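Have a look at the structure below, then the notes.
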Amino acid sequence: MLTRDQAGDIFSRIRKYATADEVECLFYGGHSSLTRFANNTIHQNVAEQNFGVSVRTVFGGRTARATTNSFDDESLRAVVRASEDLARVQEPDADLLPVPDFTEASGKLLDGRAQGHLPATPPRPSRHFTETASLTPIERAEAVGKMVSIAQERKLVAAGIFSSSETLEGVINSRGLSQWHTQTSAEISVTMLADDSSGWQKANSPNVENLDPEKIASIAAEKATQSRGPREIPPGKYTVVLEPAAVLDMVGFAFSDFGGLAILDQRSFLNNRVGTPLFAEKITIWDDVGHPLQSGSPFDGEGVERQRVQLVEKGVIKRLVYARASAAKMKKSDHAAKVGSIEVTGHGFPLPNEIGEAPMNIVFEVPGKTKSVEEMIASTERGILVTRLWYIREVDPYEKILTGMTRDGTFLIEDGKRVCGLRNFRFNQSLIDMLSQVDEMNTPVRTSGEESFDMVVPAMKVRDFNFTEVTKF
């Protein structure tokens, strides 16, 4: 692994070669391995290692970046020259701020901390586990063998992946800022296939010991087995029990709209809605990189520490997240009076970019008594249990109407029982309406899907979910 000291040496050489007013370097990379299986057989095992540095230079409001994965002197001179040549021909950006120094990046001068609007940042949990970093191909193969055995016992066909990685992120700049983060990650995804049904399950964690391959495979196998011989029922509005993966892939479409630049650009569904009740009172959402079930870097693309931010409180849109430039622009804009407190929260992407910022560590808070998925099913007279959704696309950005399909375990619920598998549906559903019609939730868990990043979300029982078509499978 590239170390922090090695990165510091690379930055010193880059700074020596640069003529720019300011220099910022993003270090990235690591090693990753993946075992892939299909038809109950491992058919691919790959490993990759790569480290790189992305160099951003600044000349009086002009900025650009260039990237290399070679750290010899000639390559570093070339990447600096490329970045500076690009920066010199850019149009000046009047809103471009100086790169942050350590004091600013660490939050000591953030308005919200000083005024008490932002909660104190708790100690960051470790995201690096030796067990994950040292996972071998043989260990992954043994786990795959156990999952395949479960498929064979049920007369199913298994396909999926087991991957592991060790990665780093670092930001060093010419004003003395130096941030560094290392992390491990392990992921299992498995699909179980029968003649006319399928089941799926996926899990991810920085600590591989949190993953149980046999449990994951057994859940997928059970869904494939129980959904055999699927029935067809007409489309319409149904009460649904959405498992956490289905919830994640729906709500994931909301959070790019919680950034200050999205409001300034008039491309957020929260324009004119901040401070208003938009969802059910049950819905409270945080962005919290320090949550024990979360993962990821504790600083953003400029090296500014991420703050814990309450996005939604009892259904009310509470706060937005801000990169440094977006916060400065928002304070001068006509929107300032409509969005509440404006503070740098450490959620920006590397500059230059057109996105601004977004919360990336979503945690749903469900206080008080919760209900399990089985209890939600038991309280449902007639409805549909949804394992996951896929191929989701946005139809109406402001009302957040999404379309997509169910997949890999869709079941009919009657008289509080899971009756049989169903042919899958296409849906057209407003995310706003969905989060306004939540009746019950269970304890939030770390969840993986296919359409969004991992979050800590609950299963949900939702009224009047709109299915528009029946598929042929």
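By convention here, the chains of the structure tokens are called A, B, ... in the order presented, each chain's residues are numbered starting at 1, and ligands are numbered starting at 1 in the order presented.
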Determine, counting only C-alpha atoms, which protein, DNA and RNA residues have an atom within 7 Å of an atom of Ser198 of chain A; residues of the same chain fewer than 2 positions away are not included. Present the result as a JSON list (two decimals) with C-alpha atoms, in the first residue's frame.
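Below you can see selection-v7.json, which holds the result:
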[["chain", "number", "residue", "atom", "x", "y", "z"],
["A", 191, "THR", "CA", -28.56, -14.98, -7.13],
["A", 192, "MET", "CA", -30.27, -18.37, -6.94],
["A", 193, "LEU", "CA", -32.07, -19.50, -10.09],
["A", 194, "ALA", "CA", -34.86, -22.05, -10.59],
["A", 200, "TRP", "CA", -31.17, -12.69, -4.43],
["A", 223, "LYS", "CA", -36.76, -16.85, -1.99],
["A", 224, "ALA", "CA", -36.12, -18.79, -5.21],
["A", 408, "ASP", "CA", -35.72, -11.90, -7.53],
["A", 409, "GLY", "CA", -38.44, -12.52, -4.97]]
*asked:* List the spatial neighbours of segment 281-289 of chain A as a count of residues only - criterion: any atom at most 9 Å away, only C-alpha atoms, same-chain residues fewer than 3 positions off excluded.
replied: 36
*Could you jot down the atom CA of Thr182 of chain A to atom CA of Gly170 of chain A separation for me, Å, one decimal place?*
8.6 Å
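Between atom CA of Glu399 of chain A and atom CA of Ser268 of chain A there is a distance of 9.9 Å.
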Set the distance at 9 Å and use only C-alpha atoms: which residues neighbour Pro234 of chain A once local chain neighbours fewer than 5 positions away are removed? I'd like the list as a compact mmCIF listing (two decimals) with N, CA and C atoms, in the first residue's frame.
# COMPACT_ATOMS: atom_id res chain seq x y z
N PHE A 467 -48.17 -0.04 -8.99
CA PHE A 467 -47.68 -0.96 -10.02
C PHE A 467 -48.49 -0.75 -11.30
N THR A 468 -47.82 -0.56 -12.41
CA THR A 468 -48.50 -0.17 -13.65
C THR A 468 -48.59 -1.28 -14.69
N GLU A 469 -47.69 -2.27 -14.65
CA GLU A 469 -47.70 -3.34 -15.61
C GLU A 469 -47.21 -4.63 -14.97
N VAL A 470 -47.60 -5.76 -15.56
CA VAL A 470 -47.08 -7.07 -15.16
C VAL A 470 -46.06 -7.50 -16.20
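Of the residues under consideration (A:Glu24, A:Asp415, A:Glu142, A:Asp85), A:Asp415 shows the shortest atom-to-atom contact distance to Gly383 of chain A when counting only C-alpha atoms.
In terms of minimum interatomic distance to Glu243 of chain A, A:Ser372 ranks closest within A:Ser70, A:Gln44, A:Ser333, A:Ser372, counting only C-alpha atoms.
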*Residues of segment 222-356 of chain A in helix (DSSP H, G or I) according to DSSP, as a ChimeraX atom specification?*
/A:222-226,244-251,255-258,260-264,324-332,336-338
